[in-house]
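The next block holds one structure in the form of structure tokens; read it before the comments.
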Amino acid sequence: MTLTPSFSPWFQFAKPNPLARLRLFCFSYAGGSASAFRLWGGHLSPQIELYPVQLPGRESRLREAPFTQLPPLIQSLSQAIRPHLNKPFAFFGHSMGGLVGFELARELRRQHLATPLHLMVSARRAPQLPDSDRPIHSLPDAEFLEEIRNLKGTPEEVLDNNDLMQVMLPVLRADFAVCETYVYTHEEPLSCPITAFGGWQDDEISKDELVAWREQTRAFFMLRMFEGGHFFLHSERDLLLQSIAQGLLPLLRMTSFA
């Protein structure tokens, strides 16, 4: 019998299902939150438990300071996730979330804890590749917001709402700082399969940068491209969820509980 882990602010939007055979942890993009995945549960198998991850500084954790560097974020998250590793699991992360999922998987391995059975990364270049874009997290507000606007992931009505942007700016800056100060260190490839998802019209991440994720696994690698730009996870959500479900199906077949 699998026990339901106690409440955690990191996983407060989780949909516990004692009969599920697999747990899917989802990590959002810079400036995003757990609510980005709130509608996913109805599109996945009832055998999959959806666990969107809520980072500090947004929505229900608005009063908490967001992280500005990846190592302390990963350390805190690795402690928070421990009680929730009592069931086979997989990771999905979009953009910044892909980097978080990758480094969390490596940290769990360092701590000799359970590791994901599958890592799915979306709209994120392979971690060993240098970021050729100029850092933007410390730009003046007007320039920073223009860069955010160019990514086309934040609705115009949000960008034009001064009060709302005053709330969002610290989180956006912090998340971009997390990504832009990241320093990759070489370790052995992960033992789990990796699937990379990308958008054909993504001006930020190229197909070649996605294919380079192949170097980070000793298991199989798969690439799937969709129509759309950097935020195809919204515009092509149904097709993306179909691909995620297909990728998790073999795990459902191999997992069983007494």
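Residues are named by chain letter and number: chains run A, B, ... in the order of the structure tokens, numbers start at 1 in each chain, and ligands are numbered from 1 in the order shown.
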All helix (DSSP H, G or I) residues (DSSP, backbone) inside segment 98-180 of chain A, as a ChimeraX atom specification: /A:98-110,141-151,156-159,162-180
Where does DSSP see strand (DSSP E) in segment 47-131 of chain A, if you list the residues as a CSV table (one decimal) with C-alpha atoms, in the first residue's frame?
```csv
chain,number,residue,atom,x,y,z
A,48,ILE,CA,-0.4,8.9,-13.8
A,49,GLU,CA,-0.2,11.2,-10.8
A,50,LEU,CA,0.4,14.8,-11.9
A,51,TYR,CA,2.8,16.8,-9.6
A,52,PRO,CA,3.3,20.4,-10.8
A,89,PHE,CA,8.4,8.9,-11.4
A,90,ALA,CA,9.3,10.9,-14.4
A,91,PHE,CA,10.3,14.6,-15.0
A,92,PHE,CA,9.0,17.1,-17.5
A,93,GLY,CA,10.4,20.6,-17.7
A,94,HIS,CA,9.9,23.4,-20.2
A,119,LEU,CA,13.5,12.9,-18.3
A,120,MET,CA,11.5,15.0,-20.7
A,121,VAL,CA,12.9,18.4,-21.6
A,122,SER,CA,11.1,21.0,-23.7
```
Interatomic distance (Å, one decimal) between atom CA of Leu248 of chain A and atom CA of Leu19 of chain A: 16.3 Å
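Closest approach to Thr154 of chain A from the set A:Ile205, A:Arg38, A:His234, A:Ile136 is made by A:His234, with distances taken over only C-alpha atoms.
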12 Å contact set for Arg82 of chain A, only C-alpha atoms, chain neighbours under 6 positions out, as a VMD selection string: chain A and resid 5 to 6 8 10 to 11 75 to 76 104 107 to 108 111 to 115
For Val211 of chain A, the nearest of the candidates A:Gln128, A:Leu139, A:Thr181, A:Arg149, counting only C-alpha atoms: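 Among the listed residues, the smallest separation from Val211 of chain A belongs to A:Gln128.
Nearest-residue note for Ile148 of chain A: choosing from A:Gln201, A:Arg224, A:Leu240, A:Met168, the minimum distance belongs to A:Met168, counting only C-alpha atoms.
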Spatial neighbours of Glu147 of chain A, max dist 12 Å, only C-alpha atoms, sep filter under 4 positions, as a PyMOL selection string: chain A and resi 133-143+151-154+159+172-173+176+204
File dump, residues just selected, C-alpha atoms, as a PDB file, in the first residue's frame:
```pdb
ATOM      1  CA  ASP A 133      22.517  35.141 -25.809  1.00  0.00           C
ATOM      2  CA  ARG A 134      23.466  38.229 -23.815  1.00  0.00           C
ATOM      3  CA  PRO A 135      22.352  38.200 -20.161  1.00  0.00           C
ATOM      4  CA  ILE A 136      19.221  40.235 -19.583  1.00  0.00           C
ATOM      5  CA  HIS A 137      18.334  39.708 -15.907  1.00  0.00           C
ATOM      6  CA  SER A 138      20.053  42.942 -14.788  1.00  0.00           C
ATOM      7  CA  LEU A 139      18.813  45.192 -17.601  1.00  0.00           C
ATOM      8  CA  PRO A 140      16.741  48.290 -16.753  1.00  0.00           C
ATOM      9  CA  ASP A 141      13.020  47.563 -16.513  1.00  0.00           C
ATOM     10  CA  ALA A 142      12.084  48.899 -19.942  1.00  0.00           C
ATOM     11  CA  GLU A 143      14.793  46.923 -21.757  1.00  0.00           C
ATOM     12  CA  LEU A 151       9.825  35.802 -26.265  1.00  0.00           C
ATOM     13  CA  LYS A 152       6.074  35.943 -26.906  1.00  0.00           C
ATOM     14  CA  GLY A 153       5.206  33.877 -23.862  1.00  0.00           C
ATOM     15  CA  THR A 154       3.545  36.578 -21.770  1.00  0.00           C
ATOM     16  CA  LEU A 159       2.849  43.156 -20.042  1.00  0.00           C
ATOM     17  CA  LEU A 172      11.170  37.008 -13.965  1.00  0.00           C
ATOM     18  CA  ARG A 173      14.511  38.611 -13.139  1.00  0.00           C
ATOM     19  CA  PHE A 176      16.531  34.587 -15.761  1.00  0.00           C
ATOM     20  CA  GLU A 204      15.638  30.794 -29.024  1.00  0.00           C
TER      21      GLU A 204
END
```
Option closest in space to Tyr29 of chain A, from A:Gly101, A:Pro170, A:Pro130, A:Pro116 [counting only C-alpha atoms]: A:Gly101
